[in-house]
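S.K.: Input file: start27.txt. Contents: compact mmCIF, C-alpha atoms and all ligand atoms.
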# COMPACT_ATOMS: atom_id res chain seq x y z
CA MET A 283 -35.72 -64.81 -50.93
CA ALA A 284 -34.67 -67.67 -53.14
CA ASN A 285 -31.10 -68.79 -53.59
CA ARG A 286 -29.51 -67.28 -56.60
CA ARG A 287 -27.67 -70.13 -58.23
CA LEU A 288 -26.99 -71.14 -61.80
CA ALA A 289 -29.18 -73.82 -63.22
CA PRO A 290 -27.86 -77.39 -62.97
CA ALA A 291 -25.31 -78.37 -65.64
CA ALA A 292 -27.82 -80.67 -67.24
CA GLU A 293 -30.02 -77.71 -68.07
CA GLN A 294 -27.22 -75.47 -69.30
CA PRO A 295 -26.76 -75.06 -73.04
CA GLN A 296 -23.30 -75.84 -74.48
CA SER A 297 -22.90 -72.44 -76.05
CA PHE A 298 -24.43 -69.06 -76.47
CA ALA A 299 -24.08 -66.37 -79.12
CA PHE A 300 -26.21 -63.35 -79.88
CA SER A 301 -28.27 -63.63 -83.03
CA PRO A 302 -27.02 -61.28 -85.79
CA GLU A 303 -29.86 -58.92 -85.05
CA ASN A 304 -29.19 -58.92 -81.29
CA ALA A 305 -25.42 -58.68 -81.87
CA GLU A 306 -26.01 -55.50 -83.83
CA TRP A 307 -28.25 -54.19 -81.06
CA ALA A 308 -25.58 -55.08 -78.47
CA ARG A 309 -22.90 -53.16 -80.39
CA GLY A 310 -25.18 -50.14 -80.40
CA GLN A 311 -25.52 -50.37 -76.64
CA ILE A 312 -21.78 -50.66 -76.12
CA GLU A 313 -21.11 -47.66 -78.34
CA LYS A 314 -23.14 -45.50 -75.97
CA TYR A 315 -20.28 -45.57 -73.50
CA PRO A 316 -16.81 -44.06 -73.83
CA GLU A 317 -13.73 -46.15 -74.51
CA GLY A 318 -12.80 -48.17 -71.44
CA ARG A 319 -16.32 -47.96 -70.01
CA GLN A 320 -17.92 -50.73 -72.05
CA ALA A 321 -18.69 -52.65 -68.86
CA SER A 322 -21.50 -50.16 -68.32
CA ALA A 323 -23.47 -52.05 -70.97
CA VAL A 324 -23.51 -55.27 -68.94
CA ILE A 325 -27.13 -55.11 -67.79
CA PRO A 326 -28.71 -54.36 -71.19
CA LEU A 327 -26.66 -57.13 -72.78
CA LEU A 328 -27.60 -59.66 -70.08
CA TRP A 329 -31.23 -58.65 -70.45
CA LYS A 330 -31.10 -59.16 -74.20
CA ALA A 331 -29.33 -62.51 -73.74
CA GLN A 332 -32.04 -63.64 -71.31
CA GLU A 333 -34.75 -62.59 -73.72
CA GLN A 334 -33.06 -64.46 -76.59
CA ASN A 335 -32.68 -67.57 -74.42
CA GLY A 336 -36.36 -67.96 -73.58
CA GLY A 337 -36.44 -65.88 -70.44
CA TRP A 338 -33.50 -67.16 -68.42
CA LEU A 339 -29.71 -66.71 -68.38
CA PRO A 340 -27.52 -69.75 -68.97
CA GLN A 341 -23.89 -69.73 -67.83
CA LYS A 342 -22.65 -69.54 -71.42
CA ALA A 343 -24.64 -66.38 -72.02
CA ILE A 344 -23.12 -64.80 -68.95
CA GLU A 345 -19.62 -65.71 -70.15
CA ALA A 346 -20.31 -64.49 -73.67
CA VAL A 347 -21.43 -61.11 -72.39
CA ALA A 348 -18.35 -60.91 -70.14
CA ASP A 349 -16.06 -61.69 -73.07
CA GLN A 350 -17.72 -59.13 -75.28
CA LEU A 351 -17.30 -56.44 -72.65
CA GLY A 352 -13.77 -57.48 -71.64
CA MET A 353 -14.90 -58.30 -68.09
CA PRO A 354 -13.91 -61.21 -65.88
CA HIS A 355 -16.65 -63.89 -65.91
CA ILE A 356 -17.06 -63.61 -62.18
CA ARG A 357 -17.89 -59.94 -62.39
CA VAL A 358 -20.77 -60.57 -64.78
CA LEU A 359 -21.91 -63.54 -62.71
CA GLU A 360 -22.05 -61.23 -59.69
CA VAL A 361 -24.38 -58.91 -61.58
CA ALA A 362 -26.59 -61.71 -62.85
CA THR A 363 -26.98 -63.30 -59.44
CA PHE A 364 -27.62 -59.97 -57.68
CA TYR A 365 -30.61 -58.77 -59.69
CA THR A 366 -33.71 -60.95 -59.58
CA MET A 367 -34.71 -59.61 -62.97
CA PHE A 368 -32.28 -62.21 -64.30
CA ALA A 369 -33.62 -65.72 -64.04
CA LEU A 370 -30.80 -68.19 -63.65
CA GLU A 371 -32.91 -71.26 -64.27
CA PRO A 372 -35.42 -72.14 -66.97
CA VAL A 373 -38.77 -70.44 -66.44
CA GLY A 374 -42.30 -71.18 -67.55
CA ARG A 375 -44.16 -69.38 -70.30
CA PHE A 376 -45.34 -67.04 -67.62
CA TRP A 377 -42.68 -66.19 -65.07
CA ILE A 378 -44.27 -64.95 -61.87
CA GLN A 379 -42.27 -62.74 -59.49
CA LEU A 380 -44.15 -62.33 -56.21
CA CYS A 381 -43.25 -59.33 -54.06
CA GLY A 382 -42.78 -60.41 -50.47
CA THR A 383 -41.47 -57.17 -48.97
CA VAL A 384 -43.17 -55.57 -45.95
CA PRO A 385 -45.94 -53.44 -47.57
CA CYS A 386 -47.04 -56.30 -49.78
CA ASP A 387 -46.56 -58.73 -46.91
CA CYS A 388 -48.84 -56.59 -44.72
CA CYS A 389 -51.49 -56.51 -47.44
CA GLY A 390 -51.71 -60.21 -48.18
CA ALA A 391 -48.55 -61.35 -49.99
CA LYS A 392 -48.41 -64.31 -47.62
CA GLU A 393 -51.74 -65.53 -48.88
CA LEU A 394 -50.63 -65.08 -52.49
CA LYS A 395 -47.48 -67.00 -51.75
CA ALA A 396 -49.50 -69.83 -50.27
CA ALA A 397 -51.76 -69.83 -53.30
CA LEU A 398 -48.80 -70.10 -55.67
CA GLN A 399 -47.23 -72.77 -53.56
CA ALA A 400 -50.46 -74.73 -53.63
CA ARG A 401 -50.95 -74.32 -57.35
CA LEU A 402 -47.40 -74.48 -58.75
CA GLY A 403 -45.32 -76.06 -56.08
CA ALA A 404 -41.96 -74.79 -54.83
CA PRO A 405 -40.50 -71.66 -56.39
CA GLY A 406 -37.88 -72.02 -59.09
CA HIS A 407 -39.64 -74.90 -60.81
CA VAL A 408 -41.59 -74.85 -64.00
CA SER A 409 -45.15 -76.16 -63.70
CA ALA A 410 -45.90 -79.46 -65.33
CA ASP A 411 -47.76 -77.81 -68.19
CA GLY A 412 -44.79 -75.53 -68.80
CA ASN A 413 -46.89 -72.45 -68.30
CA PHE A 414 -45.71 -71.13 -64.96
CA SER A 415 -42.77 -70.73 -62.65
CA TRP A 416 -42.55 -68.36 -59.74
CA LEU A 417 -40.10 -66.68 -57.41
CA GLU A 418 -40.42 -64.48 -54.37
CA VAL A 419 -38.57 -61.23 -54.90
CA GLU A 420 -38.01 -57.96 -53.07
CA CYS A 421 -39.98 -54.76 -53.57
CA LEU A 422 -40.96 -54.12 -57.17
CA GLY A 423 -41.91 -50.51 -56.56
CA ALA A 424 -45.71 -50.83 -56.65
CA CYS A 425 -46.22 -50.79 -52.88
CA CYS A 426 -49.26 -48.48 -53.05
CA ASN A 427 -51.16 -51.18 -54.87
CA ALA A 428 -49.98 -54.08 -52.74
CA PRO A 429 -50.01 -56.99 -52.90
CA MET A 430 -48.77 -57.55 -56.40
CA VAL A 431 -46.89 -59.81 -58.76
CA GLN A 432 -44.92 -59.26 -61.92
CA ILE A 433 -45.64 -61.76 -64.69
CA ASN A 434 -43.11 -61.51 -67.48
CA GLN A 435 -43.01 -57.77 -68.05
CA ASP A 436 -46.38 -56.70 -66.63
CA TYR A 437 -47.55 -55.80 -63.12
CA TYR A 438 -50.76 -57.18 -61.56
CA GLU A 439 -51.82 -55.37 -58.42
CA ASP A 440 -54.42 -55.40 -55.63
CA LEU A 441 -54.46 -59.14 -55.78
CA THR A 442 -56.17 -61.69 -53.62
CA PRO A 443 -55.58 -65.42 -53.83
CA GLU A 444 -58.84 -65.68 -55.76
CA SER A 445 -58.01 -62.96 -58.25
CA LEU A 446 -54.50 -64.33 -58.67
CA ASN A 447 -55.81 -67.79 -59.45
CA ARG A 448 -58.31 -66.32 -61.85
CA LEU A 449 -55.51 -64.39 -63.53
CA LEU A 450 -53.39 -67.52 -63.93
CA ASP A 451 -56.37 -69.35 -65.32
CA ASP A 452 -56.90 -66.68 -67.93
CA LEU A 453 -53.23 -66.59 -68.85
CA ALA A 454 -53.04 -70.31 -69.20
CA ALA A 455 -56.17 -70.29 -71.34
CA GLY A 456 -54.92 -67.48 -73.48
CA ARG A 457 -57.72 -65.19 -72.45
CA PRO A 458 -57.17 -61.50 -72.28
CA VAL A 459 -56.20 -60.22 -68.86
CA LYS A 460 -56.25 -56.87 -67.21
CA VAL A 461 -52.85 -55.43 -66.41
CA GLY A 462 -52.43 -53.22 -63.28
CA SER A 463 -54.93 -52.99 -60.45
CA GLN A 464 -57.36 -55.87 -60.30
CA VAL A 465 -59.91 -53.84 -58.31
CA GLY A 466 -60.31 -51.01 -60.76
CA ARG A 467 -58.00 -48.48 -59.15
CA VAL A 468 -56.49 -45.97 -61.50
CA SER A 469 -52.79 -45.65 -60.90
CA SER A 470 -52.25 -45.29 -57.13
CA GLU A 471 -55.44 -43.49 -56.15
CA PRO A 472 -57.01 -44.38 -52.77
CA LYS A 473 -58.36 -47.87 -52.63
CA ASP A 474 -61.41 -47.06 -50.49
CA ALA A 475 -63.25 -43.83 -49.80
CA VAL A 476 -61.25 -40.74 -50.46
CA ASN A 477 -60.52 -39.10 -47.12
CA THR A 478 -57.66 -36.82 -47.99
CA LEU A 479 -57.46 -33.84 -50.33
CA THR A 480 -61.24 -33.65 -50.33
CA ASP A 481 -61.53 -29.88 -50.29
CA PRO A 482 -62.90 -28.88 -53.69
CA THR A 483 -61.10 -25.53 -53.48
CA LEU A 484 -57.89 -27.46 -53.99
CA PHE A 485 -59.03 -28.25 -57.47
CA ASP A 486 -61.28 -25.41 -58.59
CA GLY A 487 -58.52 -22.83 -58.53
CA SER A 488 -60.15 -20.61 -55.93
CA ARG A 489 -57.59 -21.33 -53.24
CA VAL A 490 -54.68 -20.70 -55.53
CA GLY A 491 -56.49 -17.68 -56.86
CA ALA A 492 -57.06 -16.33 -53.36
CA TRP A 493 -53.41 -16.69 -52.53
CA ARG A 494 -52.46 -15.01 -55.74
CA LYS A 495 -54.80 -12.14 -54.99
CA ARG A 496 -53.25 -11.64 -51.55
CA PHE A 497 -49.81 -11.82 -53.09
CA GLU A 498 -50.69 -9.30 -55.74
CA ALA A 499 -52.33 -7.02 -53.15
CA THR A 500 -49.15 -7.12 -51.09
CA LYS A 501 -47.09 -6.25 -54.11
CA ALA A 502 -49.45 -3.39 -54.88
CA ASP A 503 -49.10 -2.08 -51.31
CA GLU A 504 -45.35 -2.18 -51.58
CA ALA A 505 -45.48 -0.34 -54.86
CA ILE A 506 -47.64 2.36 -53.26
CA LYS A 507 -45.23 2.66 -50.34
CA GLN A 508 -42.29 2.95 -52.69
CA ASP A 509 -44.09 5.63 -54.68
CA GLU A 510 -44.85 7.53 -51.49
CA ALA A 511 -41.23 7.27 -50.35
CA LYS A 512 -40.01 8.53 -53.69
CA SER A 513 -42.42 11.42 -53.67
CA SER A 514 -41.44 12.27 -50.10
CA GLU A 515 -37.77 12.31 -51.11
CA ALA A 516 -38.58 14.50 -54.07
CA ARG A 517 -40.51 16.93 -51.86
CA ALA A 518 -37.67 17.02 -49.37
CA ALA A 519 -35.26 17.90 -52.17
CA THR A 520 -37.38 20.72 -53.53
CA GLU A 521 -39.08 21.97 -50.40
CA ALA A 522 -36.29 21.84 -47.85
CA LYS A 523 -37.42 23.12 -44.47
CA PRO A 524 -35.06 24.74 -42.02
CA ALA A 525 -34.22 22.49 -39.11
CA ARG A 526 -35.51 23.62 -35.73
CA PRO A 527 -32.51 25.26 -34.14
CA GLN A 528 -32.89 23.60 -30.79
CA ALA A 529 -34.09 20.20 -31.95
CA GLY A 530 -32.02 17.49 -30.38
CA ARG A 531 -28.99 19.61 -29.56
CA PRO A 532 -27.84 21.72 -26.68
CA VAL A 533 -29.07 25.26 -26.62
CA GLU A 534 -26.24 27.54 -27.60
CA GLN A 535 -26.41 30.86 -25.86
CA GLY A 536 -24.38 33.87 -26.64
CA THR A 537 -21.40 34.46 -24.42
CA ALA A 538 -21.73 37.77 -22.73
CA ASP A 539 -18.32 37.87 -21.19
CA GLY A 540 -16.15 35.54 -23.24
CA PRO A 541 -12.56 36.26 -24.25
CA ALA A 542 -13.65 37.55 -27.66
CA GLN A 543 -16.11 39.99 -26.13
CA ARG A 544 -13.52 41.10 -23.62
CA VAL A 545 -10.94 41.71 -26.33
CA ALA A 546 -13.52 43.64 -28.37
CA ALA A 547 -14.19 45.77 -25.33
CA GLY A 548 -10.48 46.53 -24.98
CA GLU A 549 -9.97 44.27 -21.98
CA THR A 550 -7.59 41.35 -21.47
CA PRO A 551 -8.94 38.04 -22.76
CA LEU A 552 -8.76 36.41 -19.34
CA ARG A 553 -10.31 37.81 -16.22
CA GLU A 554 -8.12 38.36 -13.24
CA SER A 555 -9.99 35.77 -11.27
CA ASP A 556 -9.47 33.20 -14.04
CA ARG A 557 -5.75 33.85 -14.05
CA ALA A 558 -5.52 33.51 -10.30
CA ASP A 559 -7.53 30.36 -10.33
CA ALA A 560 -5.43 28.86 -13.14
CA SER A 561 -2.24 29.57 -11.22
CA GLU A 562 -3.69 27.84 -8.17
CA ARG A 563 -4.66 24.72 -10.10
CA GLY A 564 -1.18 23.49 -10.88
CA THR A 565 -0.25 21.41 -13.82
CA SER A 566 -2.19 18.23 -13.16
CA GLN A 567 -5.48 19.98 -12.47
CA ALA A 568 -5.04 22.21 -15.46
CA LYS A 569 -4.83 19.11 -17.55
CA THR A 570 -7.82 17.36 -16.05
CA ALA A 571 -9.86 20.56 -16.15
CA ALA A 572 -9.47 21.03 -19.85
CA ALA A 573 -12.30 21.89 -22.22
CA ARG A 574 -12.57 25.53 -21.23
CA PRO A 575 -12.61 28.04 -24.06
CA GLY A 576 -9.14 29.00 -25.16
CA ASP A 577 -7.44 26.03 -23.53
CA SER A 578 -5.40 23.67 -25.60
CA PRO A 579 -7.27 20.44 -26.00
CA ALA A 580 -6.18 18.05 -23.28
CA LEU A 581 -5.38 14.68 -24.75
CA ASP A 582 -7.47 11.94 -23.28
CA SER A 583 -8.72 14.14 -20.51
CA PRO A 584 -11.73 13.21 -18.37
CA ALA A 585 -13.70 15.84 -20.20
CA GLU A 586 -12.81 14.32 -23.54
CA ARG A 587 -13.50 10.84 -22.27
CA ALA A 588 -16.81 11.88 -20.75
CA ALA A 589 -17.81 13.64 -23.95
CA ALA A 590 -16.90 10.51 -25.91
CA GLY A 591 -19.13 8.41 -23.71
CA GLU A 592 -16.20 6.65 -22.02
CA PRO A 593 -15.56 6.37 -18.30
CA PRO A 594 -14.22 9.76 -17.38
CA ALA A 595 -11.39 8.63 -15.12
CA LYS A 596 -8.08 7.50 -16.46
CA THR A 597 -5.51 9.52 -14.61
CA GLY A 598 -6.00 7.86 -11.26
CA THR A 599 -5.21 4.38 -10.15
CA PRO A 600 -8.25 2.13 -10.46
CA ASP A 601 -9.34 0.13 -7.50
CA ALA A 602 -7.50 -3.16 -7.65
CA LYS A 603 -10.65 -5.21 -7.06
CA THR A 604 -13.39 -3.24 -8.73
CA GLY A 605 -11.44 -1.43 -11.41
CA THR A 606 -13.18 1.83 -10.45
CA PRO A 607 -11.16 5.04 -10.30
CA ASP A 608 -10.02 6.38 -7.00
CA ALA A 609 -12.00 9.16 -5.29
CA GLU A 610 -9.75 11.97 -6.43
CA THR A 611 -9.83 10.90 -10.03
CA ARG A 612 -13.58 10.41 -9.90
CA ALA A 613 -14.13 13.85 -8.48
CA LEU A 614 -11.81 15.43 -11.02
CA ALA A 615 -13.53 13.59 -13.81
CA GLU A 616 -16.97 14.60 -12.61
CA ASP A 617 -15.88 18.17 -12.27
CA ALA A 618 -14.40 18.13 -15.74
CA ALA A 619 -17.41 16.38 -17.22
CA LEU A 620 -19.72 18.93 -15.70
CA ARG A 621 -17.68 21.67 -17.25
CA THR A 622 -18.54 20.29 -20.68
CA GLU A 623 -22.21 21.04 -20.09
CA PRO A 624 -23.64 24.00 -21.90
CA PRO A 625 -23.37 27.14 -19.83
CA GLN A 626 -26.56 28.02 -17.96
CA HIS A 627 -25.70 31.55 -17.14
CA PRO A 628 -23.87 34.19 -19.14
CA ALA A 629 -21.42 34.66 -16.31
CA ALA A 630 -20.59 30.99 -16.34
CA ALA A 631 -20.45 30.56 -20.10
CA GLY A 632 -17.39 28.49 -20.86
CA ASP A 633 -16.07 28.90 -17.31
CA ASP A 634 -16.11 25.49 -15.74
CA ASP A 635 -14.84 26.67 -12.37
CA ALA A 636 -17.65 29.16 -12.19
CA VAL A 637 -15.46 32.06 -11.24
CA PRO A 638 -17.61 35.02 -10.25
CA GLU A 639 -17.75 37.58 -12.90
CA ALA A 640 -18.14 40.52 -10.58
CA GLU A 641 -15.25 42.04 -8.79
CA ASN A 642 -17.05 41.19 -5.56
CA PRO A 643 -18.83 37.83 -5.97
CA GLU A 644 -20.11 38.05 -2.44
CA ALA A 645 -22.02 41.22 -3.32
CA ARG A 646 -23.71 39.43 -6.23
CA ALA A 647 -24.44 36.42 -4.03
CA ASP A 648 -25.91 38.62 -1.35
CA ALA A 649 -28.29 39.97 -3.96
CA ALA A 650 -29.38 36.43 -4.83
CA GLY A 651 -29.90 34.87 -1.41
CA GLU A 652 -28.60 34.39 2.05
CA ARG A 653 -25.06 33.35 2.91
CA PRO A 654 -25.00 30.03 4.77
CA GLN A 655 -23.44 29.91 8.20
CA GLY A 656 -19.82 28.77 7.97
CA LEU A 657 -17.34 27.32 10.43
CA THR A 658 -13.97 28.77 11.13
CA ALA A 659 -12.42 25.33 10.73
CA ALA A 660 -13.40 21.75 10.26
CA ARG A 661 -14.72 20.03 13.35
CA ASP A 662 -12.00 18.04 15.07
CA ASP A 663 -9.85 19.11 12.18
CA ARG A 664 -11.48 16.36 10.13
CA PRO A 665 -13.27 17.87 7.11
CA ASP A 666 -15.61 15.71 5.00
CA ASP A 667 -14.61 14.84 1.48
CA LEU A 668 -17.04 17.13 -0.33
CA THR A 669 -15.87 15.80 -3.69
CA LYS A 670 -18.01 12.75 -2.98
CA ILE A 671 -20.95 14.99 -3.87
CA ARG A 672 -21.42 14.73 -7.61
CA GLY A 673 -20.74 18.13 -9.12
CA ILE A 674 -18.15 19.19 -6.54
CA GLY A 675 -14.57 18.82 -7.61
CA PRO A 676 -11.40 19.75 -5.73
CA VAL A 677 -11.58 23.38 -6.86
CA ASN A 678 -15.13 23.92 -5.69
CA GLN A 679 -14.39 22.02 -2.51
CA THR A 680 -11.62 24.54 -1.77
CA ARG A 681 -13.93 27.43 -2.46
CA LEU A 682 -16.61 25.96 -0.23
CA ASN A 683 -14.02 25.45 2.47
CA ASP A 684 -13.13 29.13 2.07
CA LEU A 685 -16.77 29.86 2.88
CA GLY A 686 -16.49 27.75 6.04
CA ILE A 687 -18.32 24.78 4.51
CA TRP A 688 -16.45 21.65 5.60
CA HIS A 689 -19.07 19.03 6.28
CA TYR A 690 -21.91 17.16 4.58
CA ASP A 691 -24.44 18.13 7.25
CA GLN A 692 -23.75 21.82 6.55
CA ILE A 693 -24.73 21.43 2.90
CA ALA A 694 -27.63 19.14 3.83
CA ALA A 695 -29.01 21.97 5.98
CA TRP A 696 -28.91 24.66 3.28
CA SER A 697 -32.19 26.47 2.74
CA PRO A 698 -33.30 27.45 -0.76
CA ARG A 699 -32.03 30.99 -0.18
CA GLU A 700 -28.68 29.65 0.96
CA VAL A 701 -28.53 27.42 -2.10
CA ALA A 702 -29.22 30.49 -4.24
CA TRP A 703 -26.46 32.42 -2.46
CA VAL A 704 -23.86 29.69 -2.98
CA GLY A 705 -24.98 29.22 -6.58
CA ALA A 706 -24.55 32.89 -7.29
CA TYR A 707 -21.24 32.96 -5.47
CA LEU A 708 -19.89 30.07 -7.49
CA ALA A 709 -21.49 31.58 -10.61
CA PHE A 710 -23.58 28.59 -11.56
CA PRO A 711 -27.05 29.34 -10.30
CA GLY A 712 -29.44 26.43 -10.58
CA ARG A 713 -26.74 23.82 -10.84
CA ILE A 714 -26.79 22.98 -7.12
CA ASP A 715 -30.47 22.09 -7.34
CA ARG A 716 -30.02 20.28 -10.62
CA GLU A 717 -27.25 18.15 -9.20
CA ARG A 718 -29.06 17.73 -5.89
CA TRP A 719 -26.11 18.67 -3.71
CA VAL A 720 -28.35 19.01 -0.67
CA SER A 721 -29.89 15.53 -0.90
CA GLN A 722 -26.53 14.00 -1.84
CA ALA A 723 -25.02 15.67 1.21
CA ALA A 724 -27.88 14.43 3.39
CA ASP A 725 -27.30 10.87 2.20
CA LEU A 726 -23.56 11.14 2.85
CA ALA A 727 -24.17 12.66 6.25
CA GLY A 728 -26.54 9.80 7.12
CA THR A 729 -24.06 7.20 5.93
CA LYS A 730 -21.34 8.84 7.87
CA GLY A 731 -23.47 8.98 10.98
S1 LIG B 1 -43.44 -53.97 -51.21
FE1 LIG B 1 -44.35 -54.97 -52.81
S2 LIG B 1 -44.12 -53.66 -54.42
FE2 LIG B 1 -43.11 -52.69 -52.84
Translate the structure of the given file into structure tokens.
M.R.:
Amino acid sequence: MANRRLAPAAEQPQSFAFSPENAEWARGQIEKYPEGRQASAVIPLLWKAQEQNGGWLPQKAIEAVADQLGMPHIRVLEVATFYTMFALEPVGRFWIQLCGTVPCDCCGAKELKAALQARLGAPGHVSADGNFSWLEVECLGACCNAPMVQINQDYYEDLTPESLNRLLDDLAAGRPVKVGSQVGRVSSEPKDAVNTLTDPTLFDGSRVGAWRKRFEATKADEAIKQDEAKSSEARAATEAKPARPQAGRPVEQGTADGPAQRVAAGETPLRESDRADASERGTSQAKTAAARPGDSPALDSPAERAAAGEPPAKTGTPDAKTGTPDAETRALAEDAALRTEPPQHPAAAGDDDAVPEAENPEARADAAGERPQGLTAARDDRPDDLTKIRGIGPVNQTRLNDLGIWHYDQIAAWSPREVAWVGAYLAFPGRIDRERWVSQAADLAGTKG
């Protein structure tokens, strides 16, 4: 890159002023900008001054432009010395700017530079015949057609030292020259064989057409789907079908012996056994065993929490390390949660403690199976915690104890007929099998052993 200095004083003119025609043109340029922004016209005015001065900018022209725009001289000098489009020294009839930036350098700019040096001497000097001067500049934006030079206002590309010398010969002789690529390239097309974008479908419209067809087919499919959806909605509105009564919901069975039926039959709403059982429960159990028909809804009870999909236990103290409820709370919660299940037997409908409906539950149980052998008391006075069996809460544990059932191994040994007897006695036949009391008890008995 050449030094950007003003020409020696000996070459500088004493004054500069725009010609009347150029002065008028300059005023037009300045008027393009709002008041206070006239400095924006500095480059066009410098360019016009250079053109008027034979292709280079003398110091006086720079100062005249600065004065006209109300700018400090140094500011305009900074602009003139920054852009290589402004020649600061006298130039030949043909001013050659040789691009020496990397792409051109890689493609032979060095050889062009050597050719210019050999023909015209050092840059920044006018040739003896006054025809040429040259300067190495930075990228001129024609990298695709490197290497290249700009001569006055035209680009000459794809040059070799030979073609450049030939070009200068023609210019000097006044012969017509070819602007642009010197190897016949059109614009920036590939220099050698075309090896990209060779697929003819890129240009015959078939590829774009194929894409458009797929796009339109997709849109058509969507339109069909939307039409089908609309017609389905319309059919649903006009041809409503009754929902299947048992689809996705618990089977609701009629209550054979509920409070309403009992009242209708002239009996008390609650059975004697219910009343007795309720009195035995005490306040806290009554609360945790909510969700039976006729009860007031227990706020935040295990049953409610279980039904809401939350952990059932809240009333007990959670384990300090694991955060799990204590055994009593867990058993109460399980018992309460089980009571929220749909009744499986008319006698148990709505009765979560499965109180026998007959006056003599043992008689009904005897009809269903065989009473399991009971103990008069727990062995060593150490009964097992039967509430660890899922489905057995404190109430049922007491009732099992009343039957002489105190230990896991007793339940684990129940035969099917004994299971049927206990199920009938507790008035929830089938639930013992469903909840796998026997296998749970066997596991607990094995763990205990
Ligand atoms: S590098 Fe030479 S024109 Fe861009």
S.K.: Return the single residue from A:Pro295, A:Gly310, A:Gly382, A:Gly318 that is closest to ligand LIG 1 (chain B), with distances computed using only C-alpha atoms and all ligand atoms.
M.R.: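 Nearest candidate to ligand LIG 1 (chain B) out of A:Pro295, A:Gly310, A:Gly382, A:Gly318: A:Gly382.
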S.K.: For Pro698 of chain A, which residue among A:Gly651, A:Pro290, A:Gly728, A:Pro665 is the nearest when counting only C-alpha atoms?
M.R.: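 Of A:Gly651, A:Pro290, A:Gly728, A:Pro665, the one nearest Pro698 of chain A, counting only C-alpha atoms, is A:Gly651.
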S.K.: Using only C-alpha atoms and all ligand atoms, what are the residues with an atom within 10 Å of ligand LIG 1 (chain B), set out as an NGL selection string?
M.R.: :A and (380-389 or 391 or 419-432 or 437 or 439)
S.K.: Rank nothing, just name the residue among A:Ala362, A:Leu370, A:Leu327, A:Leu453 nearest to Pro340 of chain A, using only C-alpha atoms.
M.R.: A:Leu370
S.K.: Report, in Å with one decimal, the straight-line distance from atom CA of Ile687 of chain A to atom CA of Asp725 of chain A.
M.R.: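 Between atom CA of Ile687 of chain A and atom CA of Asp725 of chain A the gap works out to 16.7 Å.
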S.K.: Quote the spacing between atom CA of Arg699 of chain A and atom CA of Ala660 of chain A in Å to one decimal place.
M.R.: 23.3 Å
S.K.: Using only C-alpha atoms, find the one residue out of A:Phe485, A:Phe376, A:Tyr690, A:Trp329 that sits nearest to Leu449 of chain A.
M.R.: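 Closest residue, counting only C-alpha atoms: A:Phe376.
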S.K.: With a distance cut-off of 7 Å and all atoms listed in the file, select the neighbouring residues of Arg653 of chain A, excluding the residue or stretch itself and same-chain residues fewer than 5 positions from it, and output the selection as a count of residues only.
M.R.: 3
S.K.: Which of these, A:Ser488, A:Ser415, A:Gln435, A:Gln722, has the shortest distance to Ile378 of chain A once you count only C-alpha atoms?
M.R.: A:Ser415
S.K.: Mind giving me the straight-line distance from atom CA of Ala308 of chain A to atom CA of Gln341 of chain A in Å, one decimal?
M.R.: 18.2 Å
S.K.: Compare A:Gln350, A:Val476, A:Gly337, A:Ile344 by their minimum atom-to-atom distance to Ser297 of chain A, counting only C-alpha atoms, and give me the closest one.
M.R.: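 Answer, going by the shortest atom-to-atom distance: A:Ile344.
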S.K.: Might you pull out every residue within 9 Å of Val347 of chain A, with only C-alpha atoms counted and same-chain residues fewer than 5 positions away left off, and present them as a list in words?
M.R.: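 So the residues in contact are Ala299, Val324, Leu327, Leu328, Ala331, Lys342, Gly352, Met353, His355 and Val358 of chain A.
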S.K.: Do you know which residues are at most 12 Å from Ser301 of chain A counting all atoms listed in the file, after dropping those on the same chain fewer than 6 positions away, and could you put them as a list in words?
M.R.: Trp307, Ala308, Lys330, Ala331, Glu333, Gln334, Asn335 and Ala343 of chain A
S.K.: Once N, CA and C atoms are restored for segment 689-695 of chain A, what would the output be as an mmCIF file, in the frame of the given file?
M.R.:
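And here's part35.cif as it stands now:
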data_model
loop_
_atom_site.group_PDB
_atom_site.id
_atom_site.type_symbol
_atom_site.label_atom_id
_atom_site.label_comp_id
_atom_site.auth_asym_id
_atom_site.auth_seq_id
_atom_site.Cartn_x
_atom_site.Cartn_y
_atom_site.Cartn_z
ATOM 1 N N HIS A 689 -18.438 20.313 5.981
ATOM 2 C CA HIS A 689 -19.070 19.030 6.280
ATOM 3 C C HIS A 689 -20.354 18.823 5.482
ATOM 4 N N TYR A 690 -20.699 17.515 5.322
ATOM 5 C CA TYR A 690 -21.910 17.160 4.580
ATOM 6 C C TYR A 690 -23.153 17.760 5.234
ATOM 7 N N ASP A 691 -23.211 17.694 6.582
ATOM 8 C CA ASP A 691 -24.440 18.130 7.250
ATOM 9 C C ASP A 691 -24.667 19.614 7.051
ATOM 10 N N GLN A 692 -23.558 20.388 6.824
ATOM 11 C CA GLN A 692 -23.750 21.820 6.550
ATOM 12 C C GLN A 692 -24.502 22.012 5.232
ATOM 13 N N ILE A 693 -24.067 21.278 4.221
ATOM 14 C CA ILE A 693 -24.730 21.430 2.900
ATOM 15 C C ILE A 693 -26.155 20.881 2.967
ATOM 16 N N ALA A 694 -26.299 19.755 3.729
ATOM 17 C CA ALA A 694 -27.630 19.140 3.830
ATOM 18 C C ALA A 694 -28.627 20.103 4.469
ATOM 19 N N ALA A 695 -28.105 21.067 5.268
ATOM 20 C CA ALA A 695 -29.010 21.970 5.980
ATOM 21 C C ALA A 695 -29.276 23.264 5.220
#
